[in-house]
Amino acid sequence: MPQKITAAEATYYLGFDGGGTKTECVLADSEGNILSKASAGASNPLRAGYTKAWFSLSEAADLLLSRQKITASHIRGLCAGLGGASRTGVGRRAVSFFEYNFPNAQVRVTSDLEIALEAAFGSGEGIVLLGGTGSASLGRDAHGRTMRVGGRGPWFSDEGSAYDIGRQAVRAVSLAEEKRGPATALSKRLFAWNECRDWESLMDRVAKSPDDVFPRTFPLVAQVADAGDEVARNILERAAGNLADLAMAVARELGWLDRPASIAKVGGVFGRSKYFDEAIEVQVKRALPQAHLMCAKISPAEAAVQIAIRLTCAKGNAA
């Protein structure tokens, strides 16, 4: 266990953004200046498993600590926004993990959606539309009331996500091969893209870890769609509609259907395909004519480290 030092000596802060595909981590000093950034593998415990999640979080943090030539004992505060952490049991286990490994830190664990909302709007009102390995939307009004939809996993949720798009692409290739669906340029590239020889090896990989296949296939769909493939474009059109539905559901519950609303796009599905980005814009405007689509001001990991600093300062003032 890391050696304890006095709180006055611990002057660094960590922020984590942990999802189903990767982990982003940032290190800040006591003034809030970002000193370094690092990334690692997946750290959503519900999708990657706790062992892999803890490894990814440790790997990202260790990279930053070694660069700065400091130890875990110098971390005074940290905030981690993790996929799946909105579930009480997941959040509790994550807090225990961080408190053990960073003994001098004030620890907060929250969802990846919460830090995305912070990244886009600070403490203000707005809607965040998350499109990554999974998909979800979270909104907050001026009174602090929040509403969340989606993000319940790939089994019956996460429509419009990279996982969902990749799964639809693999299905389209299968249908095309069986002459039950239209031909697609995806067929010529799917196996090589996933470093598989044939269906058998691809199915083995899916059975072992679908998160290593379907989200990874999304950039291929984006490329092929931008090149004009109709099958890929239809997949992205449906995904755009699903993402717009998420934002509209939040806006409806907040009473914002007929008023201006800012919607921040966060996640890896945005900015990868001109065709997809335009489709999302069209679908959101169709559902919410007065909506304004935007990007977050800072990264979710940077927002997390700001929360960590704020939390630690508040605890210090209370003491």
# chains A, B, ... in the order shown; residues from 1 in each chain; ligands from 1
>>> residues_around(residues="Thr133 of chain A", least_positions_apart="6", cutoff="7 Å", atoms="only C-alpha atoms", output="PyMOL selection string")
chain A and resi 20-21+161-163+215
>>> select_by_dssp(residues="segment 59-223 of chain A", states="alpha helix (DSSP H)", output="VMD selection string")
chain A and resid 59 to 68 88 to 101 112 to 121 162 to 177 186 to 193 199 to 208 214 to 223
>>> residues_around(residues="Phe191 of chain A", least_positions_apart="6", cutoff="10 Å", atoms="only C-alpha atoms", output="MDAnalysis selection string")
chainID A and resid 170 197:199 201:202 217
>>> write_last_selection(atoms="C-alpha atoms", output="PDB file, in the first residue's frame")
ATOM      1  CA  VAL A 170     -21.719  -7.688 -39.669  1.00  0.00           C
ATOM      2  CA  ARG A 197      -9.639 -15.126 -42.016  1.00  0.00           C
ATOM      3  CA  ASP A 198     -13.277 -16.126 -42.350  1.00  0.00           C
ATOM      4  CA  TRP A 199     -16.635 -16.370 -40.618  1.00  0.00           C
ATOM      5  CA  SER A 201     -12.599 -16.958 -36.855  1.00  0.00           C
ATOM      6  CA  LEU A 202     -14.816 -13.871 -36.692  1.00  0.00           C
ATOM      7  CA  THR A 217     -16.147  -2.216 -37.032  1.00  0.00           C
TER       8      THR A 217
END
>>> residues_around(residues="Phe276 of chain A", least_positions_apart="6", cutoff="9 Å", atoms="only C-alpha atoms", output="PyMOL selection string")
chain A and resi 222+225-226+233+236-237+239-240+269-270
>>> write_last_selection(atoms="C-alpha atoms", output="PDB file, in the first residue's frame")
ATOM      1  CA  ALA A 222     -18.053   5.259 -41.545  1.00  0.00           C
ATOM      2  CA  ALA A 225     -20.637   5.191 -46.076  1.00  0.00           C
ATOM      3  CA  ASP A 226     -18.625   8.286 -46.966  1.00  0.00           C
ATOM      4  CA  ARG A 233     -25.494   4.672 -45.300  1.00  0.00           C
ATOM      5  CA  LEU A 236     -25.934   5.092 -40.242  1.00  0.00           C
ATOM      6  CA  GLU A 237     -29.300   6.673 -41.072  1.00  0.00           C
ATOM      7  CA  ALA A 239     -28.345   4.983 -36.031  1.00  0.00           C
ATOM      8  CA  ALA A 240     -28.770   8.743 -36.443  1.00  0.00           C
ATOM      9  CA  VAL A 269     -19.092   8.011 -33.182  1.00  0.00           C
ATOM     10  CA  PHE A 270     -19.047  11.749 -33.807  1.00  0.00           C
TER      11      PHE A 270
END
>>> select_by_dssp(residues="segment 6-197 of chain A", states="strand (DSSP E or B)", output="ChimeraX atom specification")
/A:12-18,23-28,34-40,75-82,106-111,126-131,135-140,146-150
>>> closest_atom_pairs(of="segment 149-262 of chain A", to="segment 72-90 of chain A", cutoff="10 Å", atoms="only C-alpha atoms", output="Markdown table")
| residue | atom | partner | partner_atom | distance |
| --- | --- | --- | --- | --- |
| A:Gly151 | CA | A:Gly84 | CA | 8.5 |
| A:Arg152 | CA | A:Gly84 | CA | 8.5 |
| A:Gly153 | CA | A:Gly84 | CA | 8.9 |
>>> closest_residue(among="A:Ala301, A:Ala60, A:Ile309, A:Ile235", to="Tyr275 of chain A", atoms="only C-alpha atoms")
A:Ile235
>>> atom_distance(atom1="atom CA of Gly241 of chain A", atom2="atom CA of Val149 of chain A")
14.9 Å
>>> closest_residue(among="A:Leu288, A:Ala249, A:Leu186, A:Thr51", to="Ala227 of chain A", atoms="only C-alpha atoms")
A:Leu186
>>> closest_residue(among="A:Phe55, A:His292, A:Gly15, A:Trp155", to="Thr110 of chain A", atoms="only C-alpha atoms")
A:Gly15
>>> residues_around(residues="Asp258 of chain A", least_positions_apart="4", cutoff="10 Å", atoms="only C-alpha atoms", output="PyMOL selection string")
chain A and resi 251-252+288-291
>>> write_last_selection(atoms="N, CA and C atoms", output="compact mmCIF listing (two decimals), in the first residue's frame")
# COMPACT_ATOMS: atom_id res chain seq x y z
N ALA A 251 -35.44 15.64 -23.81
CA ALA A 251 -36.05 16.96 -23.98
C ALA A 251 -37.53 16.93 -23.61
N ARG A 252 -38.22 15.85 -23.97
CA ARG A 252 -39.64 15.73 -23.66
C ARG A 252 -39.86 15.73 -22.15
N LEU A 288 -36.23 17.94 -32.86
CA LEU A 288 -36.18 19.12 -31.99
C LEU A 288 -35.78 20.33 -32.83
N PRO A 289 -36.73 20.97 -33.50
CA PRO A 289 -36.41 22.04 -34.46
C PRO A 289 -35.61 23.21 -33.88
N GLN A 290 -35.76 23.46 -32.58
CA GLN A 290 -35.05 24.60 -31.99
C GLN A 290 -33.76 24.19 -31.28
N ALA A 291 -33.35 22.94 -31.47
CA ALA A 291 -32.14 22.47 -30.80
C ALA A 291 -30.89 23.02 -31.46
